[in-house]
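Student: This one is entry_15.cif, mmCIF, C-alpha atoms and all ligand atoms.
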```cif
data_run
#
loop_
_atom_site.group_PDB
_atom_site.id
_atom_site.type_symbol
_atom_site.label_atom_id
_atom_site.label_comp_id
_atom_site.auth_asym_id
_atom_site.auth_seq_id
_atom_site.Cartn_x
_atom_site.Cartn_y
_atom_site.Cartn_z
ATOM 1 C CA MET I 15 74.224 140.304 55.563
ATOM 2 C CA PRO I 16 70.775 139.965 54.010
ATOM 3 C CA PHE I 17 69.604 137.531 56.718
ATOM 4 C CA THR I 18 67.632 138.157 59.869
ATOM 5 C CA THR I 19 67.509 136.008 62.976
ATOM 6 C CA ARG I 20 63.868 134.979 62.755
ATOM 7 C CA GLY I 21 63.117 131.270 62.920
ATOM 8 C CA PHE I 22 62.876 129.166 59.817
ATOM 9 C CA SER I 23 60.835 126.012 59.934
ATOM 10 C CA GLY I 24 61.810 124.456 56.624
ATOM 11 C CA ARG I 25 64.249 121.680 55.924
ATOM 12 C CA GLY I 26 67.981 122.009 56.016
ATOM 13 C CA GLY I 27 69.037 124.043 59.045
ATOM 14 C CA GLN I 28 69.970 127.709 59.400
ATOM 15 C CA PRO I 29 69.127 130.333 56.750
ATOM 16 C CA ASP I 30 72.771 130.997 55.868
ATOM 17 C CA THR I 31 73.409 127.331 55.086
ATOM 18 C CA ARG I 32 70.133 127.178 53.162
ATOM 19 C CA LEU I 33 70.975 129.991 50.747
ATOM 20 C CA PRO I 34 72.601 128.688 47.539
ATOM 21 C CA PRO I 35 75.592 130.610 46.110
ATOM 22 C CA GLY I 36 74.777 133.953 44.513
ATOM 23 C CA GLN I 37 71.281 134.148 46.051
ATOM 24 C CA THR I 38 69.734 136.893 48.227
ATOM 25 C CA MET I 39 66.786 136.364 50.557
ATOM 26 C CA VAL I 40 63.516 138.164 49.936
ATOM 27 C CA ASP I 41 60.428 138.483 52.134
ATOM 28 C CA LYS I 42 57.971 139.575 49.455
ATOM 29 C CA TRP I 43 57.137 137.036 46.796
ATOM 30 C CA PRO I 44 57.978 138.446 43.336
ATOM 31 C CA VAL I 45 55.872 137.617 40.280
ATOM 32 C CA LEU I 46 57.831 136.505 37.210
ATOM 33 C CA SER I 47 55.786 135.615 34.136
ATOM 34 C CA ALA I 48 56.909 135.549 30.517
ATOM 35 C CA GLY I 49 53.425 136.445 29.258
ATOM 36 C CA PRO I 50 49.926 137.338 30.393
ATOM 37 C CA THR I 51 48.281 135.498 33.288
ATOM 38 C CA PRO I 52 45.824 132.868 32.074
ATOM 39 C CA HIS I 53 42.654 132.655 34.144
ATOM 40 C CA VAL I 54 41.589 129.034 34.391
ATOM 41 C CA ASP I 55 38.429 128.018 36.228
ATOM 42 C CA THR I 56 38.778 124.799 38.226
ATOM 43 C CA ARG I 57 35.556 123.608 36.515
ATOM 44 C CA ASP I 58 37.419 123.673 33.196
ATOM 45 C CA TRP I 59 40.834 122.693 34.550
ATOM 46 C CA GLU I 60 42.246 119.349 33.554
ATOM 47 C CA LEU I 61 45.601 117.661 34.066
ATOM 48 C CA THR I 62 46.813 115.212 31.459
ATOM 49 C CA VAL I 63 49.822 112.925 31.353
ATOM 50 C CA GLN I 64 50.772 111.830 27.862
ATOM 51 C CA ASP I 65 52.956 108.756 27.514
ATOM 52 C CA GLU I 66 53.931 106.429 24.682
ATOM 53 C CA THR I 67 50.483 104.823 24.657
ATOM 54 C CA SER I 68 47.705 106.401 22.630
ATOM 55 C CA THR I 69 45.567 107.027 25.727
ATOM 56 C CA ASP I 70 46.210 110.074 27.895
ATOM 57 C CA HIS I 71 45.868 109.927 31.672
ATOM 58 C CA ARG I 72 43.409 112.622 32.732
ATOM 59 C CA TRP I 73 42.287 114.134 36.009
ATOM 60 C CA SER I 74 39.560 116.690 36.575
ATOM 61 C CA TRP I 75 40.114 119.132 39.456
ATOM 62 C CA ASP I 76 38.157 116.946 41.893
ATOM 63 C CA GLU I 77 39.811 113.729 40.737
ATOM 64 C CA PHE I 78 43.203 115.404 41.102
ATOM 65 C CA LEU I 79 42.525 116.611 44.671
ATOM 66 C CA ALA I 80 41.169 113.152 45.542
ATOM 67 C CA LEU I 81 44.678 111.764 44.949
ATOM 68 C CA GLY I 82 45.520 113.397 48.274
ATOM 69 C CA VAL I 83 47.021 116.758 49.167
ATOM 70 C CA GLU I 84 49.911 117.257 51.548
ATOM 71 C CA ASP I 85 51.418 120.266 53.296
ATOM 72 C CA ILE I 86 55.086 120.990 52.817
ATOM 73 C CA THR I 87 57.527 123.723 53.786
ATOM 74 C CA VAL I 88 60.292 124.405 51.276
ATOM 75 C CA ASP I 89 62.753 127.052 50.101
ATOM 76 C CA ILE I 90 62.496 128.392 46.555
ATOM 77 C CA HIS I 91 65.337 129.823 44.477
ATOM 78 C CA CYS I 92 64.883 131.958 41.365
ATOM 79 C CA VAL I 93 67.627 132.150 38.753
ATOM 80 C CA THR I 94 67.369 135.968 38.976
ATOM 81 C CA HIS I 95 69.076 135.648 42.405
ATOM 82 C CA TRP I 96 66.200 135.831 44.883
ATOM 83 C CA SER I 97 65.362 133.046 47.319
ATOM 84 C CA LYS I 98 62.353 132.788 49.572
ATOM 85 C CA LEU I 99 62.925 130.482 52.522
ATOM 86 C CA GLY I 100 60.430 128.486 54.543
ATOM 87 C CA MET I 101 57.411 128.817 52.281
ATOM 88 C CA SER I 102 54.410 126.699 53.194
ATOM 89 C CA TRP I 103 52.613 124.993 50.339
ATOM 90 C CA ARG I 104 49.812 122.510 49.808
ATOM 91 C CA GLY I 105 49.693 120.199 46.838
ATOM 92 C CA VAL I 106 49.516 116.743 45.362
ATOM 93 C CA SER I 107 52.801 114.833 45.212
ATOM 94 C CA LEU I 108 53.920 113.883 41.712
ATOM 95 C CA ASP I 109 54.429 110.385 43.146
ATOM 96 C CA LYS I 110 50.620 110.153 43.351
ATOM 97 C CA ILE I 111 50.212 111.281 39.755
ATOM 98 C CA PHE I 112 52.757 108.800 38.461
ATOM 99 C CA GLU I 113 51.417 105.844 40.497
ATOM 100 C CA ASN I 114 49.153 105.013 37.583
ATOM 101 C CA VAL I 115 51.544 105.838 34.764
ATOM 102 C CA ALA I 116 53.795 103.122 33.388
ATOM 103 C CA SER I 117 56.232 104.708 30.966
ATOM 104 C CA GLU I 118 59.677 103.762 29.752
ATOM 105 C CA ARG I 119 60.420 107.413 29.037
ATOM 106 C CA GLN I 120 62.770 109.138 31.468
ATOM 107 C CA TYR I 121 62.098 112.826 30.734
ATOM 108 C CA VAL I 122 59.092 115.071 31.148
ATOM 109 C CA LEU I 123 58.003 118.221 29.372
ATOM 110 C CA ALA I 124 55.642 120.157 31.613
ATOM 111 C CA HIS I 125 53.280 122.410 29.725
ATOM 112 C CA SER I 126 51.079 125.194 30.930
ATOM 113 C CA TYR I 127 47.884 126.988 30.057
ATOM 114 C CA GLY I 128 49.275 129.913 28.060
ATOM 115 C CA GLY I 129 51.945 127.842 26.303
ATOM 116 C CA TYR I 130 54.932 127.852 28.689
ATOM 117 C CA THR I 131 56.981 124.655 28.830
ATOM 118 C CA THR I 132 59.898 123.334 30.863
ATOM 119 C CA ASN I 133 61.808 120.039 30.756
ATOM 120 C CA LEU I 134 62.771 117.823 33.698
ATOM 121 C CA PRO I 135 64.143 114.330 34.251
ATOM 122 C CA LEU I 136 61.351 112.083 35.560
ATOM 123 C CA GLU I 137 63.443 111.155 38.596
ATOM 124 C CA ASP I 138 63.402 114.808 39.705
ATOM 125 C CA LEU I 139 59.615 114.633 39.940
ATOM 126 C CA LEU I 140 59.543 111.413 42.013
ATOM 127 C CA GLY I 141 60.587 110.552 45.576
ATOM 128 C CA SER I 142 58.686 113.321 47.455
ATOM 129 C CA LYS I 143 60.672 116.051 45.679
ATOM 130 C CA ALA I 144 57.941 117.653 43.577
ATOM 131 C CA TRP I 145 54.287 118.582 43.780
ATOM 132 C CA ILE I 146 51.475 120.142 41.853
ATOM 133 C CA ALA I 147 50.639 122.915 44.272
ATOM 134 C CA THR I 148 47.216 124.447 44.795
ATOM 135 C CA GLU I 149 47.909 126.655 47.833
ATOM 136 C CA ALA I 150 50.767 128.725 49.192
ATOM 137 C CA GLU I 151 51.082 130.428 52.586
ATOM 138 C CA GLY I 152 47.621 129.189 53.544
ATOM 139 C CA GLN I 153 45.820 130.687 50.532
ATOM 140 C CA PRO I 154 44.655 129.265 47.226
ATOM 141 C CA LEU I 155 47.374 130.058 44.680
ATOM 142 C CA HIS I 156 46.793 133.505 43.243
ATOM 143 C CA PRO I 157 46.475 133.443 39.427
ATOM 144 C CA GLU I 158 49.687 135.510 39.127
ATOM 145 C CA HIS I 159 51.554 132.797 41.022
ATOM 146 C CA GLY I 160 50.174 130.000 38.878
ATOM 147 C CA GLY I 161 46.710 129.306 40.305
ATOM 148 C CA PRO I 162 44.742 127.201 40.201
ATOM 149 C CA ALA I 163 47.728 124.838 40.144
ATOM 150 C CA ARG I 164 51.437 124.965 39.425
ATOM 151 C CA LEU I 165 54.372 122.651 39.474
ATOM 152 C CA LEU I 166 56.568 122.973 42.580
ATOM 153 C CA VAL I 167 60.077 121.556 42.185
ATOM 154 C CA PRO I 168 61.957 123.383 44.928
ATOM 155 C CA HIS I 169 65.323 121.632 44.520
ATOM 156 C CA LEU I 170 65.705 123.216 41.041
ATOM 157 C CA TYR I 171 65.631 126.883 40.027
ATOM 158 C CA PHE I 172 62.087 128.182 40.125
ATOM 159 C CA TRP I 173 61.658 128.472 36.345
ATOM 160 C CA LYS I 174 61.207 124.672 36.431
ATOM 161 C CA SER I 175 58.088 125.159 38.569
ATOM 162 C CA ALA I 176 55.652 125.722 35.705
ATOM 163 C CA LYS I 177 52.727 127.932 36.658
ATOM 164 C CA TRP I 178 49.216 127.060 35.365
ATOM 165 C CA VAL I 179 50.360 123.534 34.659
ATOM 166 C CA ARG I 180 47.997 121.568 32.431
ATOM 167 C CA GLY I 181 49.981 118.573 31.313
ATOM 168 C CA LEU I 182 53.080 116.432 31.467
ATOM 169 C CA THR I 183 54.397 114.771 28.335
ATOM 170 C CA MET I 184 56.751 111.831 28.719
ATOM 171 C CA MET I 185 59.771 112.230 26.441
ATOM 172 C CA PRO I 186 62.508 109.776 25.445
ATOM 173 C CA ASP I 187 65.065 112.638 25.420
ATOM 174 C CA ASN I 188 65.678 115.732 27.541
ATOM 175 C CA ASP I 189 64.315 118.203 24.985
ATOM 176 C CA PRO I 190 64.539 121.833 26.166
ATOM 177 C CA GLY I 191 61.468 123.829 27.219
ATOM 178 C CA PHE I 192 60.745 127.545 26.842
ATOM 179 C CA TRP I 193 63.571 129.160 28.859
ATOM 180 C CA GLU I 194 65.966 126.296 28.212
ATOM 181 C CA ARG I 195 65.759 127.050 24.474
ATOM 182 C CA TYR I 196 66.664 130.681 25.273
ATOM 183 C CA GLY I 197 69.878 129.626 26.995
ATOM 184 C CA TYR I 198 68.819 128.684 30.505
ATOM 185 C CA HIS I 199 70.561 125.598 31.870
ATOM 186 C CA ILE I 200 69.060 122.270 30.810
ATOM 187 C CA TYR I 201 68.900 121.078 34.475
ATOM 188 C CA GLY I 202 69.102 124.112 36.799
ATOM 189 C CA ASP I 203 70.594 123.021 40.132
ATOM 190 C CA PRO I 204 70.793 126.161 42.316
ATOM 191 C CA TRP I 205 73.517 124.626 44.535
ATOM 192 C CA LYS I 206 75.757 124.270 41.460
ATOM 193 C CA GLU I 207 74.664 127.652 40.065
ATOM 194 C CA GLN I 208 73.436 126.025 36.860
ATOM 195 C CA ARG I 209 71.821 129.242 35.649
ATOM 196 C CA TYR I 210 72.646 129.595 31.948
ATOM 197 C CA ARG I 211 74.507 127.594 29.337
HETATM 198 N N1 LIG I 301 53.637 129.124 32.958
HETATM 199 C C1 LIG I 301 54.718 129.776 33.424
HETATM 200 N N2 LIG I 301 55.363 129.248 34.469
HETATM 201 C C2 LIG I 301 56.441 129.873 34.975
HETATM 202 C C3 LIG I 301 56.918 131.073 34.400
HETATM 203 C C4 LIG I 301 56.219 131.609 33.304
HETATM 204 O O1 LIG I 301 56.566 132.650 32.741
HETATM 205 N N3 LIG I 301 55.110 130.938 32.843
HETATM 206 N N4 LIG I 301 58.041 131.684 34.915
HETATM 207 C C5 LIG I 301 58.957 130.833 35.676
HETATM 208 C C6 LIG I 301 59.940 131.613 36.380
HETATM 209 S S1 LIG I 301 61.248 132.208 35.474
HETATM 210 C C7 LIG I 301 59.881 131.800 37.722
HETATM 211 S S2 LIG I 301 61.116 132.547 38.590
HETATM 212 C C8 LIG I 301 58.691 131.373 38.490
HETATM 213 C C9 LIG I 301 58.073 132.566 39.154
HETATM 214 O O2 LIG I 301 56.970 132.193 39.919
HETATM 215 P P1 LIG I 301 56.218 133.314 40.734
HETATM 216 O O3 LIG I 301 55.747 134.347 39.744
HETATM 217 O O4 LIG I 301 55.087 132.627 41.437
HETATM 218 O O5 LIG I 301 57.216 133.889 41.693
HETATM 219 O O6 LIG I 301 57.693 130.740 37.683
HETATM 220 C C10 LIG I 301 58.199 129.947 36.655
HETATM 221 N N5 LIG I 301 57.086 129.313 36.033
HETATM 222 MO MO MO I 302 62.828 132.877 37.113
#
```
As structure tokens, what does this structure read like?
Ligand SMILES: Nc1nc2c(c(=O)[nH]1)N[C@H]1C(S)=C(S)[C@@H](COP(=O)(O)O)O[C@H]1N2
Ligand SMILES: [Mo]

Tutor:
Amino acid sequence: MPFTTRGFSGRGGQPDTRLPPGQTMVDKWPVLSAGPTPHVDTRDWELTVQDETSTDHRWSWDEFLALGVEDITVDIHCVTHWSKLGMSWRGVSLDKIFENVASERQYVLAHSYGGYTTNLPLEDLLGSKAWIATEAEGQPLHPEHGGPARLLVPHLYFWKSAKWVRGLTMMPDNDPGFWERYGYHIYGDPWKEQRYR
């Protein structure tokens, strides 16, 4: 058994019932990046949401933090079979971001500094299920882990949690992002083992 009997403070009960099929627990936090780590200064950082209007929604770093940060404890599951349970994070809920966005479009393409993209249904970003995280385990997010800010969508495989996020584009269709075009599952539910197509 890969589990230990230490306490876990996150949602959803005991570690064994919190580990999706085919996953193994890790203590160390692996780094998985498809390319080099972009180094983005918070003075230059900007988040944009692009919808069907011609005007983008934009937040500077300070404007973004002023939306309100919250602390959450969640489990994360990587498609390469590791899970890290009970991670503490700080970030801005996507509900706050989308409060001021009125779009008819039901899908989102998240894009990152460095060019990475991933697609998600809008409803998976709303309802206190997803954040743009700025801290993990009590520390500002290390650049390798997506600092200064990354998407955090813990109920889907971790490739959906775009590191170095810089924008969200509203899409009428569920167009695939970077890994999805290479054969990763279009949705990526770890409890249904939606790893590859
Ligand atoms: N911008 C960007 N985001 C990314 C990736 C990437 O290569 N680039 N990799 C994804 C994958 S496959 C995983 S498992 C997680 C890894 O995050 P970590 O390096 O903080 O563990 O980031 C996801 N987000
Ligand atoms: Mo991954």

Student: At a cut-off of 8 Å around ligand LIG 301 (chain I), and using all atoms listed in the file, what residues come up? Please write them as a VMD selection string.

Tutor: chain I and resid 43 to 49 91 to 94 125 to 131 158 to 160 164 to 165 171 to 179 193

Student: Which residues, written as a list in words, have at least one atom at most 7 Å from Leu123 of chain I, with all atoms listed in the file counted and residues fewer than 2 positions away on the same chain left out?

Tutor: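 The residues satisfying every condition are Tyr121, His125, Thr131, Thr132, Asn133, Leu134, Leu182, Thr183, Met184, Met185 and Gly191 of chain I.
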
Student: Once you have the residues from the selection above, write them out as a short mmCIF file (atom, residue, chain, number, x, y, z; two decimals), in the frame of the given file, restricted to C-alpha atoms.

Tutor:
```cif
data_model
loop_
_atom_site.label_atom_id
_atom_site.label_comp_id
_atom_site.auth_asym_id
_atom_site.auth_seq_id
_atom_site.Cartn_x
_atom_site.Cartn_y
_atom_site.Cartn_z
CA TYR I 121 62.10 112.83 30.73
CA HIS I 125 53.28 122.41 29.72
CA THR I 131 56.98 124.66 28.83
CA THR I 132 59.90 123.33 30.86
CA ASN I 133 61.81 120.04 30.76
CA LEU I 134 62.77 117.82 33.70
CA LEU I 182 53.08 116.43 31.47
CA THR I 183 54.40 114.77 28.34
CA MET I 184 56.75 111.83 28.72
CA MET I 185 59.77 112.23 26.44
CA GLY I 191 61.47 123.83 27.22
#
```

Student: I'd like to see the residues matched by the PyMOL selection byres (((chain I and resi 204) around 8) and not hetatm) on this file, and ideally I'd get them as a ChimeraX atom specification.

Tutor: /I:34-35,91,93,169-171,202-203,205-209

Student: Where does segment 43-63 of chain I meet segment 105-111 of chain I within 12 Å, residue by residue, with the nearest atom pair and distance in Å to one decimal for each, counting all atoms listed in the file, listed by chain and rising number, as a tab-separated table?

Tutor:
```
residue	atom	partner	partner_atom	distance
I:Leu61	CA	I:Ile111	CA	9.7
I:Thr62	CA	I:Ile111	CA	9.8
I:Val63	CA	I:Ile111	CA	8.6
```

Student: Set the distance at 9 Å and use all atoms listed in the file: which residues neighbour Asp187 of chain I once local chain neighbours fewer than 5 positions away are removed? I'd like the list as a PyMOL selection string.

Tutor: chain I and resi 119-122

Student: How about saving the chosen residues, C-alpha atoms kept, as a PDB file, keeping the file's coordinate frame?

Tutor:
```pdb
ATOM      1  CA  ARG I 119      60.420 107.413  29.037  1.00  0.00           C
ATOM      2  CA  GLN I 120      62.770 109.138  31.468  1.00  0.00           C
ATOM      3  CA  TYR I 121      62.098 112.826  30.734  1.00  0.00           C
ATOM      4  CA  VAL I 122      59.092 115.071  31.148  1.00  0.00           C
TER       5      VAL I 122
END
```

Student: With only C-alpha atoms as the atoms that count, which of I:His53, I:Lys98, I:Arg72, I:Arg195 lies nearest to Asn114 of chain I?

Tutor: I:Arg72

Student: Tell me, in Å to one decimal, how far atom CA of Pro157 of chain I is from atom CA of Asp55 of chain I.

Tutor: 10.2 Å

Student: Have a look at atom CA of Gly141 of chain I and atom CA of Val40 of chain I and let me know their distance in Å, one decimal.

Tutor: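 Atom CA of Val40 of chain I lies at a distance of 28.1 Å from atom CA of Gly141 of chain I.
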
Student: Step by step: locate segment 82-95 of chain I in the block above, keep all heavy atoms, then write the file as a PDB file, in the first residue's frame.

Tutor:
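Below you can see result-v3.pdb, which holds the result:
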```
ATOM      1  N   GLY I  82      -9.802  39.396  -4.373  1.00  0.00           N
ATOM      2  CA  GLY I  82      -9.954  38.628  -3.131  1.00  0.00           C
ATOM      3  C   GLY I  82      -9.346  37.247  -3.238  1.00  0.00           C
ATOM      4  O   GLY I  82      -9.774  36.446  -4.066  1.00  0.00           O
ATOM      5  N   VAL I  83      -8.366  36.958  -2.386  1.00  0.00           N
ATOM      6  CA  VAL I  83      -7.765  35.627  -2.391  1.00  0.00           C
ATOM      7  C   VAL I  83      -8.412  34.772  -1.322  1.00  0.00           C
ATOM      8  O   VAL I  83      -8.929  35.282  -0.336  1.00  0.00           O
ATOM      9  CB  VAL I  83      -6.230  35.682  -2.154  1.00  0.00           C
ATOM     10  CG1 VAL I  83      -5.534  36.365  -3.315  1.00  0.00           C
ATOM     11  CG2 VAL I  83      -5.892  36.329  -0.830  1.00  0.00           C
ATOM     12  N   GLU I  84      -8.428  33.471  -1.544  1.00  0.00           N
ATOM     13  CA  GLU I  84      -8.905  32.539  -0.538  1.00  0.00           C
ATOM     14  C   GLU I  84      -7.923  31.382  -0.392  1.00  0.00           C
ATOM     15  O   GLU I  84      -7.118  31.128  -1.284  1.00  0.00           O
ATOM     16  CB  GLU I  84     -10.316  32.033  -0.862  1.00  0.00           C
ATOM     17  CG  GLU I  84     -10.533  31.597  -2.281  1.00  0.00           C
ATOM     18  CD  GLU I  84     -12.016  31.298  -2.553  1.00  0.00           C
ATOM     19  OE1 GLU I  84     -12.788  32.252  -2.767  1.00  0.00           O
ATOM     20  OE2 GLU I  84     -12.368  30.115  -2.545  1.00  0.00           O
ATOM     21  N   ASP I  85      -7.980  30.733   0.753  1.00  0.00           N
ATOM     22  CA  ASP I  85      -7.128  29.578   1.029  1.00  0.00           C
ATOM     23  C   ASP I  85      -7.947  28.318   0.863  1.00  0.00           C
ATOM     24  O   ASP I  85      -9.062  28.230   1.372  1.00  0.00           O
ATOM     25  CB  ASP I  85      -6.564  29.659   2.452  1.00  0.00           C
ATOM     26  CG  ASP I  85      -5.595  30.819   2.597  1.00  0.00           C
ATOM     27  OD1 ASP I  85      -4.740  30.990   1.718  1.00  0.00           O
ATOM     28  OD2 ASP I  85      -5.718  31.570   3.589  1.00  0.00           O
ATOM     29  N   ILE I  86      -7.373  27.349   0.154  1.00  0.00           N
ATOM     30  CA  ILE I  86      -8.095  26.101  -0.060  1.00  0.00           C
ATOM     31  C   ILE I  86      -7.134  24.931   0.123  1.00  0.00           C
ATOM     32  O   ILE I  86      -5.922  25.066  -0.060  1.00  0.00           O
ATOM     33  CB  ILE I  86      -8.737  26.024  -1.487  1.00  0.00           C
ATOM     34  CG1 ILE I  86      -7.730  26.146  -2.602  1.00  0.00           C
ATOM     35  CG2 ILE I  86      -9.879  26.969  -1.636  1.00  0.00           C
ATOM     36  CD1 ILE I  86      -7.666  27.486  -3.290  1.00  0.00           C
ATOM     37  N   THR I  87      -7.675  23.791   0.463  1.00  0.00           N
ATOM     38  CA  THR I  87      -6.894  22.561   0.567  1.00  0.00           C
ATOM     39  C   THR I  87      -7.516  21.547  -0.379  1.00  0.00           C
ATOM     40  O   THR I  87      -8.704  21.246  -0.271  1.00  0.00           O
ATOM     41  CB  THR I  87      -6.894  22.029   2.010  1.00  0.00           C
ATOM     42  OG1 THR I  87      -6.334  23.032   2.862  1.00  0.00           O
ATOM     43  CG2 THR I  87      -6.058  20.759   2.118  1.00  0.00           C
ATOM     44  N   VAL I  88      -6.727  21.078  -1.333  1.00  0.00           N
ATOM     45  CA  VAL I  88      -7.256  20.175  -2.363  1.00  0.00           C
ATOM     46  C   VAL I  88      -6.233  19.087  -2.691  1.00  0.00           C
ATOM     47  O   VAL I  88      -5.048  19.197  -2.379  1.00  0.00           O
ATOM     48  CB  VAL I  88      -7.613  20.942  -3.661  1.00  0.00           C
ATOM     49  CG1 VAL I  88      -8.774  21.913  -3.433  1.00  0.00           C
ATOM     50  CG2 VAL I  88      -6.407  21.671  -4.229  1.00  0.00           C
ATOM     51  N   ASP I  89      -6.732  18.036  -3.336  1.00  0.00           N
ATOM     52  CA  ASP I  89      -5.896  16.953  -3.853  1.00  0.00           C
ATOM     53  C   ASP I  89      -5.658  17.205  -5.339  1.00  0.00           C
ATOM     54  O   ASP I  89      -6.569  17.635  -6.041  1.00  0.00           O
ATOM     55  CB  ASP I  89      -6.618  15.611  -3.700  1.00  0.00           C
ATOM     56  CG  ASP I  89      -7.021  15.316  -2.262  1.00  0.00           C
ATOM     57  OD1 ASP I  89      -6.408  15.875  -1.334  1.00  0.00           O
ATOM     58  OD2 ASP I  89      -7.962  14.509  -2.076  1.00  0.00           O
ATOM     59  N   ILE I  90      -4.441  16.909  -5.811  1.00  0.00           N
ATOM     60  CA  ILE I  90      -4.188  17.045  -7.245  1.00  0.00           C
ATOM     61  C   ILE I  90      -3.762  15.701  -7.832  1.00  0.00           C
ATOM     62  O   ILE I  90      -3.116  14.886  -7.166  1.00  0.00           O
ATOM     63  CB  ILE I  90      -3.133  18.139  -7.557  1.00  0.00           C
ATOM     64  CG1 ILE I  90      -1.791  17.825  -6.909  1.00  0.00           C
ATOM     65  CG2 ILE I  90      -3.651  19.514  -7.147  1.00  0.00           C
ATOM     66  CD1 ILE I  90      -0.692  18.792  -7.324  1.00  0.00           C
ATOM     67  N   HIS I  91      -4.166  15.470  -9.080  1.00  0.00           N
ATOM     68  CA  HIS I  91      -3.972  14.183  -9.736  1.00  0.00           C
ATOM     69  C   HIS I  91      -3.379  14.391 -11.126  1.00  0.00           C
ATOM     70  O   HIS I  91      -4.018  14.996 -11.990  1.00  0.00           O
ATOM     71  CB  HIS I  91      -5.313  13.459  -9.862  1.00  0.00           C
ATOM     72  CG  HIS I  91      -6.092  13.417  -8.578  1.00  0.00           C
ATOM     73  ND1 HIS I  91      -5.677  12.688  -7.489  1.00  0.00           N
ATOM     74  CD2 HIS I  91      -7.244  14.031  -8.203  1.00  0.00           C
ATOM     75  CE1 HIS I  91      -6.546  12.850  -6.494  1.00  0.00           C
ATOM     76  NE2 HIS I  91      -7.501  13.660  -6.911  1.00  0.00           N
ATOM     77  N   CYS I  92      -2.167  13.888 -11.327  1.00  0.00           N
ATOM     78  CA  CYS I  92      -1.521  14.017 -12.637  1.00  0.00           C
ATOM     79  C   CYS I  92      -1.819  12.783 -13.475  1.00  0.00           C
ATOM     80  O   CYS I  92      -1.860  11.665 -12.960  1.00  0.00           O
ATOM     81  CB  CYS I  92      -0.009  14.185 -12.471  1.00  0.00           C
ATOM     82  SG  CYS I  92       0.867  14.219 -14.048  1.00  0.00           S
ATOM     83  N   VAL I  93      -1.990  12.991 -14.764  1.00  0.00           N
ATOM     84  CA  VAL I  93      -2.294  11.891 -15.681  1.00  0.00           C
ATOM     85  C   VAL I  93      -1.165  10.857 -15.701  1.00  0.00           C
ATOM     86  O   VAL I  93      -1.391   9.693 -16.034  1.00  0.00           O
ATOM     87  CB  VAL I  93      -2.591  12.454 -17.092  1.00  0.00           C
ATOM     88  CG1 VAL I  93      -1.327  12.976 -17.757  1.00  0.00           C
ATOM     89  CG2 VAL I  93      -3.276  11.424 -17.974  1.00  0.00           C
ATOM     90  N   THR I  94       0.058  11.251 -15.310  1.00  0.00           N
ATOM     91  CA  THR I  94       1.173  10.308 -15.274  1.00  0.00           C
ATOM     92  C   THR I  94       1.178   9.487 -13.975  1.00  0.00           C
ATOM     93  O   THR I  94       2.203   8.931 -13.598  1.00  0.00           O
ATOM     94  CB  THR I  94       2.521  11.033 -15.444  1.00  0.00           C
ATOM     95  OG1 THR I  94       2.694  11.955 -14.360  1.00  0.00           O
ATOM     96  CG2 THR I  94       2.584  11.784 -16.758  1.00  0.00           C
ATOM     97  N   HIS I  95       0.016   9.428 -13.301  1.00  0.00           N
ATOM     98  CA  HIS I  95      -0.277   8.490 -12.213  1.00  0.00           C
ATOM     99  C   HIS I  95       0.135   8.924 -10.810  1.00  0.00           C
ATOM    100  O   HIS I  95      -0.025   8.157  -9.865  1.00  0.00           O
ATOM    101  CB  HIS I  95       0.289   7.082 -12.505  1.00  0.00           C
ATOM    102  CG  HIS I  95      -0.299   6.443 -13.734  1.00  0.00           C
ATOM    103  ND1 HIS I  95      -1.464   5.732 -13.713  1.00  0.00           N
ATOM    104  CD2 HIS I  95       0.111   6.458 -15.029  1.00  0.00           C
ATOM    105  CE1 HIS I  95      -1.750   5.294 -14.943  1.00  0.00           C
ATOM    106  NE2 HIS I  95      -0.804   5.744 -15.763  1.00  0.00           N
TER     107      HIS I  95
END
```
